[in-house]
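So this one's run_10.csv, CSV, C-alpha atoms:
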chain,number,residue,atom,x,y,z
B,1,MET,CA,-10.1,-21.6,34.7
B,2,THR,CA,-9.5,-23.9,31.8
B,3,GLU,CA,-10.5,-22.6,28.5
B,4,PHE,CA,-12.8,-24.6,26.3
B,5,ASN,CA,-14.9,-24.3,23.1
B,6,GLU,CA,-18.6,-24.1,23.1
B,7,PRO,CA,-20.4,-27.4,22.3
B,8,ASN,CA,-20.3,-28.3,18.7
B,9,GLU,CA,-17.6,-25.8,17.9
B,10,PRO,CA,-14.7,-26.9,15.7
B,11,ASP,CA,-11.4,-27.3,17.5
B,12,GLU,CA,-8.3,-25.3,16.9
B,13,GLN,CA,-6.7,-27.9,14.5
B,14,GLN,CA,-9.9,-27.9,12.3
B,15,ILE,CA,-9.9,-24.1,12.2
B,16,ALA,CA,-6.2,-23.9,11.3
B,17,GLU,CA,-6.6,-26.5,8.5
B,18,ALA,CA,-9.7,-24.6,7.1
B,19,LEU,CA,-7.9,-21.3,7.3
B,20,GLY,CA,-4.8,-22.7,5.6
B,21,ALA,CA,-6.9,-24.4,2.8
B,22,ALA,CA,-9.3,-21.6,2.0
B,23,ALA,CA,-8.3,-18.2,3.3
B,24,ASN,CA,-5.6,-15.9,2.0
B,25,ILE,CA,-5.9,-13.0,4.4
B,26,THR,CA,-3.6,-10.4,3.1
B,27,LEU,CA,-4.3,-6.8,2.3
B,28,ALA,CA,-4.1,-5.3,-1.2
B,29,PRO,CA,-5.7,-2.4,-3.1
B,30,GLY,CA,-8.1,-2.7,-6.0
B,31,PRO,CA,-11.5,-4.2,-6.6
B,32,ARG,CA,-12.1,-7.7,-5.3
B,33,GLU,CA,-12.3,-9.2,-8.8
B,34,ALA,CA,-8.9,-7.7,-9.7
B,35,ARG,CA,-7.3,-9.1,-6.5
B,36,GLU,CA,-8.8,-12.6,-6.9
B,37,ALA,CA,-9.0,-13.3,-10.6
B,38,PRO,CA,-7.3,-10.8,-12.9
B,39,ALA,CA,-7.5,-11.5,-16.6
B,40,ALA,CA,-4.2,-12.4,-18.3
B,41,ALA,CA,-2.0,-9.5,-19.3
B,42,PRO,CA,-0.7,-9.4,-22.9
B,43,GLU,CA,2.7,-10.8,-23.6
B,44,PRO,CA,5.4,-8.1,-23.0
B,45,ASP,CA,7.8,-7.2,-25.8
B,46,GLN,CA,10.7,-7.7,-23.4
B,47,GLU,CA,11.2,-9.2,-20.0
B,48,TRP,CA,14.3,-8.3,-17.9
B,49,THR,CA,15.5,-10.3,-14.9
B,50,LEU,CA,16.8,-7.9,-12.3
B,51,PRO,CA,18.4,-8.2,-8.8
B,52,GLU,CA,15.4,-8.6,-6.4
B,53,GLY,CA,12.9,-8.4,-9.2
B,54,ARG,CA,12.0,-8.2,-12.9
B,55,ALA,CA,10.6,-5.8,-15.5
B,56,TRP,CA,8.0,-6.3,-18.2
B,57,VAL,CA,8.4,-4.0,-21.1
B,58,TYR,CA,5.7,-2.9,-23.5
B,59,LEU,CA,7.0,-0.8,-26.3
B,60,ALA,CA,5.1,2.0,-28.0
B,61,ASP,CA,6.5,0.9,-31.3
B,62,PRO,CA,8.3,-2.4,-31.4
B,63,GLY,CA,9.9,-1.5,-34.7
B,64,ARG,CA,11.7,1.5,-33.1
B,65,GLY,CA,12.7,-0.2,-29.9
B,66,LEU,CA,13.0,1.5,-26.5
B,67,THR,CA,13.0,5.2,-27.1
B,68,LYS,CA,11.0,7.0,-24.3
B,69,PRO,CA,11.1,4.8,-21.1
B,70,VAL,CA,8.6,5.2,-18.3
B,71,ILE,CA,9.3,3.0,-15.3
B,72,LEU,CA,6.4,2.3,-13.0
B,73,GLY,CA,7.2,0.6,-9.7
B,74,ASP,CA,4.8,-1.9,-8.1
B,75,GLY,CA,3.3,-1.4,-4.7
B,76,PHE,CA,3.1,-3.2,-1.4
B,77,ASN,CA,1.6,-6.7,-1.1
B,78,SER,CA,2.8,-10.2,-0.2
B,79,GLY,CA,4.7,-12.5,-2.5
B,80,PRO,CA,6.2,-11.7,-6.0
B,81,SER,CA,4.7,-9.0,-8.3
B,82,ASP,CA,2.0,-10.3,-10.5
B,83,LEU,CA,1.9,-9.0,-14.0
B,84,ASP,CA,-1.8,-9.9,-14.5
B,85,PHE,CA,-2.8,-8.0,-11.4
B,86,SER,CA,-0.7,-5.0,-12.3
B,87,TRP,CA,-2.1,-4.9,-15.8
B,88,GLU,CA,-5.7,-5.2,-14.4
B,89,ILE,CA,-5.2,-2.3,-12.1
B,90,LEU,CA,-3.4,0.0,-14.5
B,91,GLU,CA,-5.2,-0.8,-17.7
B,92,ARG,CA,-8.6,-2.3,-17.1
B,93,GLY,CA,-9.9,0.0,-14.3
B,94,PRO,CA,-11.5,3.4,-14.7
B,95,TYR,CA,-8.8,4.7,-17.1
B,96,PRO,CA,-6.5,2.7,-19.5
B,97,PHE,CA,-3.3,4.4,-18.3
B,98,LEU,CA,-0.9,2.0,-20.1
B,99,THR,CA,-2.6,2.4,-23.4
B,100,GLU,CA,-2.6,6.2,-23.1
B,101,LEU,CA,1.1,6.1,-22.3
B,102,ARG,CA,1.9,4.0,-25.4
B,103,GLN,CA,-0.4,6.0,-27.7
B,104,ARG,CA,1.6,9.1,-26.7
B,105,GLY,CA,4.8,7.3,-27.7
B,106,TYR,CA,6.1,6.3,-24.3
B,107,ASP,CA,7.5,2.8,-23.6
B,108,VAL,CA,6.0,1.2,-20.4
B,109,ILE,CA,8.3,-0.6,-18.1
B,110,LEU,CA,6.4,-2.3,-15.3
B,111,LEU,CA,8.9,-2.9,-12.4
B,112,GLY,CA,8.1,-5.9,-10.2
B,113,PHE,CA,9.7,-7.3,-7.1
B,114,ASP,CA,10.5,-10.9,-6.1
B,115,GLU,CA,9.0,-10.1,-2.7
B,116,ARG,CA,6.7,-7.1,-2.5
B,117,SER,CA,6.9,-7.1,1.3
B,118,ALA,CA,10.7,-7.1,1.4
B,119,SER,CA,12.6,-4.0,2.6
B,120,ILE,CA,12.2,-0.9,0.5
B,121,LEU,CA,16.0,-0.7,0.5
B,122,ASP,CA,16.3,-4.2,-1.0
B,123,ASN,CA,13.7,-3.6,-3.7
B,124,ALA,CA,15.4,-0.3,-4.6
B,125,ARG,CA,18.2,-2.5,-6.1
B,126,ALA,CA,15.7,-3.7,-8.6
B,127,ALA,CA,14.7,-0.2,-9.4
B,128,ARG,CA,18.3,0.9,-9.8
B,129,SER,CA,19.0,-2.0,-12.1
B,130,ALA,CA,15.9,-1.3,-14.2
B,131,ILE,CA,17.0,2.4,-14.6
B,132,GLN,CA,20.4,1.3,-15.8
B,133,GLU,CA,19.0,-1.4,-18.1
B,134,ALA,CA,16.7,1.2,-19.7
B,135,ILE,CA,19.6,3.5,-20.3
B,136,ALA,CA,21.6,0.7,-21.8
B,137,ARG,CA,18.8,-0.4,-24.1
B,138,ARG,CA,17.4,3.0,-25.1
B,139,VAL,CA,17.6,4.1,-28.7
B,140,GLY,CA,18.5,7.8,-28.6
B,141,ASN,CA,18.9,10.0,-25.5
B,142,HIS,CA,15.3,10.8,-24.4
B,143,PRO,CA,15.4,11.2,-20.6
B,144,LEU,CA,13.6,8.7,-18.4
B,145,THR,CA,10.5,9.1,-16.3
B,146,VAL,CA,10.7,7.0,-13.1
B,147,GLY,CA,8.1,6.6,-10.4
B,148,GLY,CA,5.7,4.2,-8.8
B,149,PHE,CA,2.4,3.4,-7.2
B,150,SER,CA,2.0,3.3,-3.4
B,151,MET,CA,5.2,1.8,-2.0
B,152,GLY,CA,6.7,1.8,-5.6
B,153,GLY,CA,6.9,5.6,-5.3
B,154,LEU,CA,9.1,5.2,-2.2
B,155,VAL,CA,11.2,2.5,-3.8
B,156,THR,CA,12.0,4.6,-6.8
B,157,ARG,CA,12.4,7.8,-4.7
B,158,TYR,CA,15.1,6.1,-2.7
B,159,ALA,CA,16.8,4.5,-5.8
B,160,LEU,CA,17.1,7.8,-7.6
B,161,ALA,CA,18.3,9.6,-4.5
B,162,LYS,CA,20.9,6.9,-3.8
B,163,MET,CA,22.1,7.0,-7.4
B,164,GLU,CA,22.7,10.7,-7.1
B,165,HIS,CA,24.5,10.2,-3.8
B,166,ASP,CA,26.7,7.6,-5.4
B,167,ASN,CA,27.4,9.9,-8.4
B,168,VAL,CA,25.6,7.5,-10.8
B,169,ASP,CA,23.8,9.2,-13.7
B,170,HIS,CA,20.2,8.1,-13.8
B,171,GLN,CA,19.3,10.3,-16.8
B,172,THR,CA,15.8,10.9,-15.3
B,173,GLU,CA,14.0,14.1,-15.9
B,174,LEU,CA,10.7,13.4,-14.1
B,175,TYR,CA,9.9,11.5,-10.9
B,176,PHE,CA,6.3,10.8,-10.0
B,177,SER,CA,4.5,9.1,-7.1
B,178,PHE,CA,0.9,7.8,-7.2
B,179,ASP,CA,-0.7,7.9,-3.7
B,180,SER,CA,2.7,7.0,-2.1
B,181,PRO,CA,2.9,7.3,1.7
B,182,HIS,CA,5.8,9.8,1.9
B,183,ARG,CA,4.8,10.6,5.5
B,184,GLY,CA,3.5,7.2,6.4
B,185,ALA,CA,0.6,4.8,5.8
B,186,TRP,CA,-2.1,3.5,8.2
B,187,ILE,CA,-3.5,0.1,8.9
B,188,PRO,CA,-5.9,0.2,11.9
B,189,ILE,CA,-4.5,-1.2,15.1
B,190,ALA,CA,-7.7,-3.3,15.3
B,191,LEU,CA,-6.8,-5.1,12.1
B,192,GLN,CA,-3.1,-5.5,13.1
B,193,SER,CA,-4.1,-7.0,16.5
B,194,PHE,CA,-6.4,-9.5,14.9
B,195,ALA,CA,-3.7,-10.5,12.4
B,196,HIS,CA,-1.3,-11.3,15.2
B,197,TYR,CA,-4.0,-13.0,17.4
B,198,ILE,CA,-4.8,-15.6,14.7
B,199,ARG,CA,-1.1,-16.2,13.9
B,200,ARG,CA,-1.1,-19.7,15.5
B,201,LEU,CA,-3.9,-20.6,13.1
B,202,ASN,CA,-2.8,-18.9,10.0
B,203,ALA,CA,0.3,-16.7,9.9
B,204,ALA,CA,-0.1,-15.1,6.5
B,205,PHE,CA,-1.8,-11.9,7.7
B,206,SER,CA,0.5,-11.5,10.7
B,207,ASN,CA,3.5,-12.1,8.5
B,208,GLN,CA,2.4,-9.4,6.1
B,209,MET,CA,1.9,-6.9,8.9
B,210,ASN,CA,5.3,-7.8,10.4
B,211,SER,CA,7.1,-7.7,7.0
B,212,PRO,CA,10.0,-5.3,6.6
B,213,ALA,CA,8.1,-3.2,4.1
B,214,ALA,CA,5.0,-2.9,6.4
B,215,ARG,CA,7.3,-1.9,9.3
B,216,GLN,CA,8.9,0.8,7.1
B,217,LEU,CA,5.6,2.1,5.7
B,218,LEU,CA,3.3,2.2,8.6
B,219,TRP,CA,3.2,5.3,10.9
B,220,GLN,CA,2.1,3.1,13.8
B,221,HIS,CA,2.8,-0.6,14.1
B,222,ILE,CA,2.4,-3.5,16.5
B,223,SER,CA,4.4,-6.8,16.3
B,224,GLU,CA,2.1,-8.7,18.8
B,225,TRP,CA,-1.6,-8.5,19.3
B,226,ASP,CA,-1.2,-6.9,22.8
B,227,ASP,CA,1.6,-4.5,21.9
B,228,SER,CA,1.3,-0.7,22.3
B,229,PRO,CA,1.4,1.1,18.9
B,230,GLU,CA,4.7,2.8,18.0
B,231,THR,CA,6.9,3.8,15.2
B,232,ASP,CA,8.8,0.7,14.3
B,233,LYS,CA,12.6,0.6,14.5
B,234,GLU,CA,12.7,-0.4,10.9
B,235,ARG,CA,10.8,2.7,9.9
B,236,ILE,CA,13.1,4.9,11.9
B,237,GLU,CA,16.2,3.2,10.2
B,238,PHE,CA,14.6,3.5,6.8
B,239,LEU,CA,13.9,7.2,7.2
B,240,ALA,CA,17.4,7.8,8.5
B,241,GLU,CA,18.9,6.0,5.4
B,242,LEU,CA,16.6,8.0,3.1
B,243,GLU,CA,17.8,11.2,4.7
B,244,ARG,CA,21.5,10.0,4.4
B,245,VAL,CA,21.2,9.9,0.6
B,246,GLY,CA,19.5,13.3,0.4
B,247,GLY,CA,15.8,12.5,1.1
B,248,TRP,CA,14.8,13.1,-2.5
B,249,PRO,CA,16.4,13.0,-5.9
B,250,ARG,CA,17.5,16.6,-6.8
B,251,ARG,CA,17.8,16.4,-10.6
B,252,PRO,CA,14.4,15.3,-11.8
B,253,LYS,CA,11.2,17.3,-11.3
B,254,LYS,CA,9.2,15.7,-8.5
B,255,ILE,CA,5.4,15.4,-8.9
B,256,GLY,CA,2.8,13.3,-7.1
B,257,VAL,CA,-0.9,12.6,-6.9
B,258,ALA,CA,-3.2,11.7,-4.1
B,259,ASN,CA,-6.3,9.6,-4.1
B,260,GLY,CA,-7.7,11.9,-1.4
B,261,VAL,CA,-8.9,15.5,-1.3
B,262,ARG,CA,-7.0,18.6,-0.1
B,263,THR,CA,-10.2,20.3,1.2
B,264,GLY,CA,-10.2,18.5,4.6
B,265,VAL,CA,-13.5,16.7,3.8
B,266,ALA,CA,-13.5,13.4,5.6
B,267,ASN,CA,-14.3,10.1,3.9
B,268,GLY,CA,-17.5,9.5,5.9
B,269,ILE,CA,-16.1,6.8,8.2
B,270,ASP,CA,-17.0,7.7,11.8
B,271,PRO,CA,-14.5,7.1,14.7
B,272,GLY,CA,-15.1,4.5,17.3
B,273,VAL,CA,-17.8,2.6,15.5
B,274,ARG,CA,-17.8,-1.2,15.0
B,275,ALA,CA,-16.4,-2.0,11.5
B,276,PHE,CA,-16.2,-5.8,11.8
B,277,HIS,CA,-17.7,-8.6,13.9
B,278,GLY,CA,-17.6,-12.3,14.0
B,279,LYS,CA,-20.9,-14.2,13.4
B,280,GLY,CA,-19.8,-17.9,13.4
B,281,LEU,CA,-19.4,-20.0,16.5
B,282,GLY,CA,-15.7,-19.9,16.4
B,283,ILE,CA,-15.3,-16.2,16.1
B,284,THR,CA,-18.4,-14.8,17.9
B,285,GLY,CA,-17.2,-12.1,20.3
B,286,THR,CA,-14.7,-10.6,18.0
B,287,HIS,CA,-15.4,-6.9,17.4
B,288,LEU,CA,-13.1,-4.5,15.5
B,289,TYR,CA,-13.7,-0.7,15.7
B,290,THR,CA,-12.5,2.3,13.7
B,291,GLN,CA,-9.9,4.4,15.4
B,292,PRO,CA,-11.1,6.9,18.0
B,293,ALA,CA,-9.3,9.7,19.6
B,294,GLY,CA,-8.8,9.9,23.4
B,295,GLU,CA,-7.3,7.8,26.2
B,296,GLU,CA,-7.8,4.1,26.7
B,297,LYS,CA,-10.2,3.8,23.8
B,298,LEU,CA,-11.5,0.4,22.8
B,299,VAL,CA,-10.4,-0.6,19.3
B,300,ALA,CA,-10.8,-4.4,19.4
B,301,GLN,CA,-12.2,-7.3,21.3
B,302,LEU,CA,-10.7,-10.6,20.1
B,303,ARG,CA,-12.1,-14.1,20.3
B,304,VAL,CA,-11.1,-17.0,18.0
B,305,VAL,CA,-11.8,-20.6,19.2
B,306,THR,CA,-11.2,-20.1,22.9
B,307,LEU,CA,-13.5,-18.3,25.3
B,308,ARG,CA,-11.0,-15.6,26.1
B,309,LYS,CA,-12.1,-12.1,24.9
B,310,PRO,CA,-9.1,-9.8,25.4
B,311,GLN,CA,-9.7,-6.1,24.7
B,312,ILE,CA,-7.3,-3.8,22.8
B,313,ARG,CA,-7.2,-0.2,23.8
B,314,THR,CA,-5.2,2.8,22.5
B,315,SER,CA,-4.4,6.3,23.7
B,316,GLY,CA,-3.4,9.5,22.0
B,317,MET,CA,-4.3,8.5,18.5
B,318,PRO,CA,-6.0,10.7,15.9
B,319,GLU,CA,-9.3,9.7,14.2
B,320,ILE,CA,-7.4,8.6,11.2
B,321,ASP,CA,-9.7,6.0,9.6
B,322,GLY,CA,-11.9,8.8,8.4
B,323,ALA,CA,-9.2,11.1,7.3
B,324,PRO,CA,-9.0,12.5,3.7
B,325,GLY,CA,-7.0,10.1,1.6
B,326,GLY,CA,-6.8,7.0,-0.4
B,327,THR,CA,-8.8,4.1,1.2
B,328,LEU,CA,-8.2,0.4,1.6
B,329,GLU,CA,-10.9,-2.2,2.2
B,330,GLY,CA,-9.0,-3.7,5.1
B,331,PHE,CA,-12.1,-4.7,7.2
B,332,GLY,CA,-13.9,-5.9,4.0
B,333,ILE,CA,-11.0,-8.0,2.8
B,334,LEU,CA,-10.9,-9.7,6.2
B,335,ALA,CA,-14.6,-10.5,6.2
B,336,ASP,CA,-14.5,-11.7,2.5
B,337,GLU,CA,-11.7,-14.1,3.2
B,338,LEU,CA,-13.2,-15.6,6.4
B,339,ASN,CA,-16.5,-16.0,4.6
B,340,LYS,CA,-14.9,-18.2,2.0
B,341,ILE,CA,-14.4,-20.9,4.7
B,342,PRO,CA,-17.2,-23.4,5.0
B,343,ALA,CA,-19.8,-22.2,7.5
B,344,ILE,CA,-19.5,-25.3,9.6
B,345,ILE,CA,-16.0,-24.1,10.7
B,346,GLY,CA,-17.7,-21.2,12.4
B,347,LEU,CA,-15.7,-18.2,11.1
B,348,GLY,CA,-18.5,-16.3,9.3
B,349,SER,CA,-18.0,-12.6,9.7
B,350,GLU,CA,-19.5,-9.2,8.6
B,351,ALA,CA,-17.8,-5.9,7.8
B,352,GLU,CA,-20.2,-3.1,8.6
B,353,THR,CA,-17.5,-0.7,7.4
B,354,ARG,CA,-15.4,-2.2,4.6
B,355,GLU,CA,-12.7,0.5,4.2
B,356,HIS,CA,-10.5,2.9,6.1
B,357,CYS,CA,-8.0,5.6,5.2
B,358,PHE,CA,-4.7,4.0,4.1
B,359,VAL,CA,-2.6,6.9,2.8
B,360,PRO,CA,-3.8,10.3,4.0
B,361,SER,CA,-3.7,13.0,1.4
B,362,VAL,CA,-1.1,15.0,3.3
B,363,SER,CA,1.2,12.0,3.3
B,364,ALA,CA,0.7,11.3,-0.4
B,365,VAL,CA,1.7,14.9,-1.3
B,366,ALA,CA,4.6,15.0,1.2
B,367,LEU,CA,3.1,17.9,3.1
B,368,ARG,CA,2.6,17.0,6.7
B,369,ASP,CA,3.0,14.2,9.2
B,370,ILE,CA,-0.1,12.3,10.1
B,371,ASP,CA,0.0,12.2,13.9
B,372,THR,CA,-2.8,14.7,14.8
B,373,HIS,CA,-6.3,15.4,13.7
B,374,GLU,CA,-5.3,18.9,12.6
B,375,LYS,CA,-2.5,17.7,10.4
B,376,LEU,CA,-4.8,15.2,8.8
B,377,HIS,CA,-7.8,17.3,8.2
B,378,ASP,CA,-6.7,20.9,7.8
B,379,PRO,CA,-7.3,22.0,4.2
B,380,PHE,CA,-4.3,23.0,2.0
B,381,PRO,CA,-3.9,24.9,-1.3
B,382,GLU,CA,-3.4,23.6,-4.7
B,383,ASP,CA,0.3,24.6,-4.7
B,384,SER,CA,1.5,24.6,-1.1
B,385,GLY,CA,5.2,25.6,-0.8
B,386,ASP,CA,5.4,23.3,2.2
B,387,SER,CA,5.2,20.2,0.1
B,388,GLU,CA,8.5,18.4,-0.6
B,389,LEU,CA,7.1,17.8,-4.2
B,390,ASP,CA,7.5,20.4,-6.9
B,391,GLU,CA,3.9,19.9,-8.0
B,392,TYR,CA,1.0,17.8,-6.9
B,393,LEU,CA,-2.7,17.1,-7.5
B,394,CYS,CA,-5.3,15.7,-5.1
B,395,ALA,CA,-8.4,13.9,-6.3
B,396,SER,CA,-11.7,15.7,-6.3
B,397,HIS,CA,-13.1,13.2,-3.8
B,398,ASN,CA,-11.7,10.5,-1.5
B,399,GLU,CA,-11.4,7.2,-3.4
B,400,GLY,CA,-9.7,3.8,-3.4
B,401,HIS,CA,-5.9,3.8,-2.8
B,402,THR,CA,-4.1,3.8,-6.2
B,403,LEU,CA,-7.3,4.0,-8.1
B,404,VAL,CA,-6.2,4.8,-11.7
B,405,THR,CA,-8.5,7.6,-12.7
B,406,GLU,CA,-8.6,9.9,-15.7
B,407,GLU,CA,-8.4,12.9,-13.4
B,408,LEU,CA,-5.1,11.9,-11.9
B,409,CYS,CA,-3.5,10.1,-14.9
B,410,THR,CA,-4.1,12.8,-17.5
B,411,TRP,CA,-2.5,15.3,-15.1
B,412,ILE,CA,0.6,13.0,-15.0
B,413,LEU,CA,0.6,12.5,-18.8
B,414,ASP,CA,0.5,16.2,-19.4
B,415,ARG,CA,3.7,16.6,-17.4
B,416,LEU,CA,5.8,13.9,-19.1
B,417,SER,CA,8.8,15.2,-20.9

Represent the supplied structure as structure tokens.
Amino acid sequence: MTEFNEPNEPDEQQIAEALGAAANITLAPGPREAREAPAAAPEPDQEWTLPEGRAWVYLADPGRGLTKPVILGDGFNSGPSDLDFSWEILERGPYPFLTELRQRGYDVILLGFDERSASILDNARAARSAIQEAIARRVGNHPLTVGGFSMGGLVTRYALAKMEHDNVDHQTELYFSFDSPHRGAWIPIALQSFAHYIRRLNAAFSNQMNSPAARQLLWQHISEWDDSPETDKERIEFLAELERVGGWPRRPKKIGVANGVRTGVANGIDPGVRAFHGKGLGITGTHLYTQPAGEEKLVAQLRVVTLRKPQIRTSGMPEIDGAPGGTLEGFGILADELNKIPAIIGLGSEAETREHCFVPSVSAVALRDIDTHEKLHDPFPEDSGDSELDEYLCASHNEGHTLVTEELCTWILDRLS
């Protein structure tokens, strides 16, 4: 049977043009205002051009120069690192982390990447160069603190481990990660399938999901809308390379924080419920669901422009969207971006559930894999010897991924050398 649009529906070309002109469907942490219109950051005291990236330096005392360097690596997104966005998240949120660092005499080095969705191994070259530049410019011999937020924690982890493997002195005494997915991150298969389904209309979302960094970070990934979820080859190769250089740096103390709880308390998102649906003529029939457990479970029904309504089903997956951990507004971001498009185009949507677990607590503290309900939800103590970190702290409640809170930041500040 020939597919056709309902009467008065816009055609595929009109929808593609509208998507290209108005929508920027890519996933990123933080409040909507911070993602869309961050205020300008202050001018840095120094700016370093690095292989694969750059660094913005804010000195505690410009008269003394760089004396106590703290390198903070940027997280996953699409495109180059944005200083204004980083400053908004780290300074103008619930806790002014950058001000507190500088008031305690530490020099802030914000490490950015030319392409945040590039391979972690590529972006580690920027981290390595930033470490060496900090050592070269440092006044005195105070050891470095090196770490990062989300993916930035993995970038700097690998960079430090590889420097040790290569017998390069990184002069780093403390490594930290802030809600970094040491055991993998999660984007619902429903969202991944939708991203790839609309690729012919707007490829931005699909390109982000299929980027090298996404393939390396995500525990389960699909490359096409109708693929079966699996651990991507690039993740397998990344983990093998990380293991080749020792897995972790051995010299610095290793600490980490999680934006989720350790008590096993879920985030309140039920499995198998509709999280998103299309309301406009061009997308009516699209339904995205939170991840259920079981066999052949429906996670998505897709319809954009044509009358086809293919269904996506998964088997053997845990109820991970509701797991303890840092959350991401994946469903909400999708609805927000589609709702920016003029209503006449017919892509109006609603997210009944805006968020989902993105980095489970057990992943952020490098404690357990995330492939079963028990591993995700079983409580764990404040100081489990099973963690690959020397010390960790979990948030007192499940909250947004990389949310910069007083609870987590003061704990890190108290451990700076």

| task | Tell me which protein, DNA and RNA residues are within 9 Å of Ile187 (chain B), counting only C-alpha atoms, leaving out same-chain ones fewer than 4 positions away, and put them as number ranges by chain. | result | B: 191-192, 209, 218-221, 321, 328, 330, 356-358

Would you write out, as a Markdown table, a table of all residues in region 110-149 of chain B that have an atom no more than 6 Å from an atom of region 78-92 of chain B, listing for each the closest atom pair and the distance in Å to one decimal, considering only C-alpha atoms and ordering rows by chain and rising residue number?
| residue | atom | partner | partner_atom | distance |
| --- | --- | --- | --- | --- |
| B:Gly112 | CA | B:Ser81 | CA | 5.0 |
| B:Phe113 | CA | B:Ser81 | CA | 5.4 |
| B:Asp114 | CA | B:Pro80 | CA | 4.4 |
| B:Glu115 | CA | B:Pro80 | CA | 4.6 |
| B:Arg116 | CA | B:Ser78 | CA | 5.5 |
| B:Ser117 | CA | B:Ser78 | CA | 5.4 |

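Those residues positioned at most 8 Å from (-20.6, -21.4, 12.7) are Glu9, Lys279, Gly280, Leu281, Gly282, Ala343, Ile344, Ile345, Gly346, Leu347 and Gly348 of chain B, judged using all atoms listed in the file.
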
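Among B:Thr372, B:Ser119, B:Asn202, B:Ser228, the residue with the shortest atom-to-atom distance to Pro292 (chain B), counting all atoms listed in the file, is B:Thr372.
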
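Nearest to Gln13 (chain B) of all the residues B:Ala195, B:Ile189, B:Leu201, B:Leu408 is B:Leu201, based on all atoms listed in the file.
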
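Of the residues under consideration (B:Pro342, B:Gly247, B:Gly153, B:Pro143), B:Gly247 shows the shortest atom-to-atom contact distance to Glu388 (chain B) when counting all atoms listed in the file.
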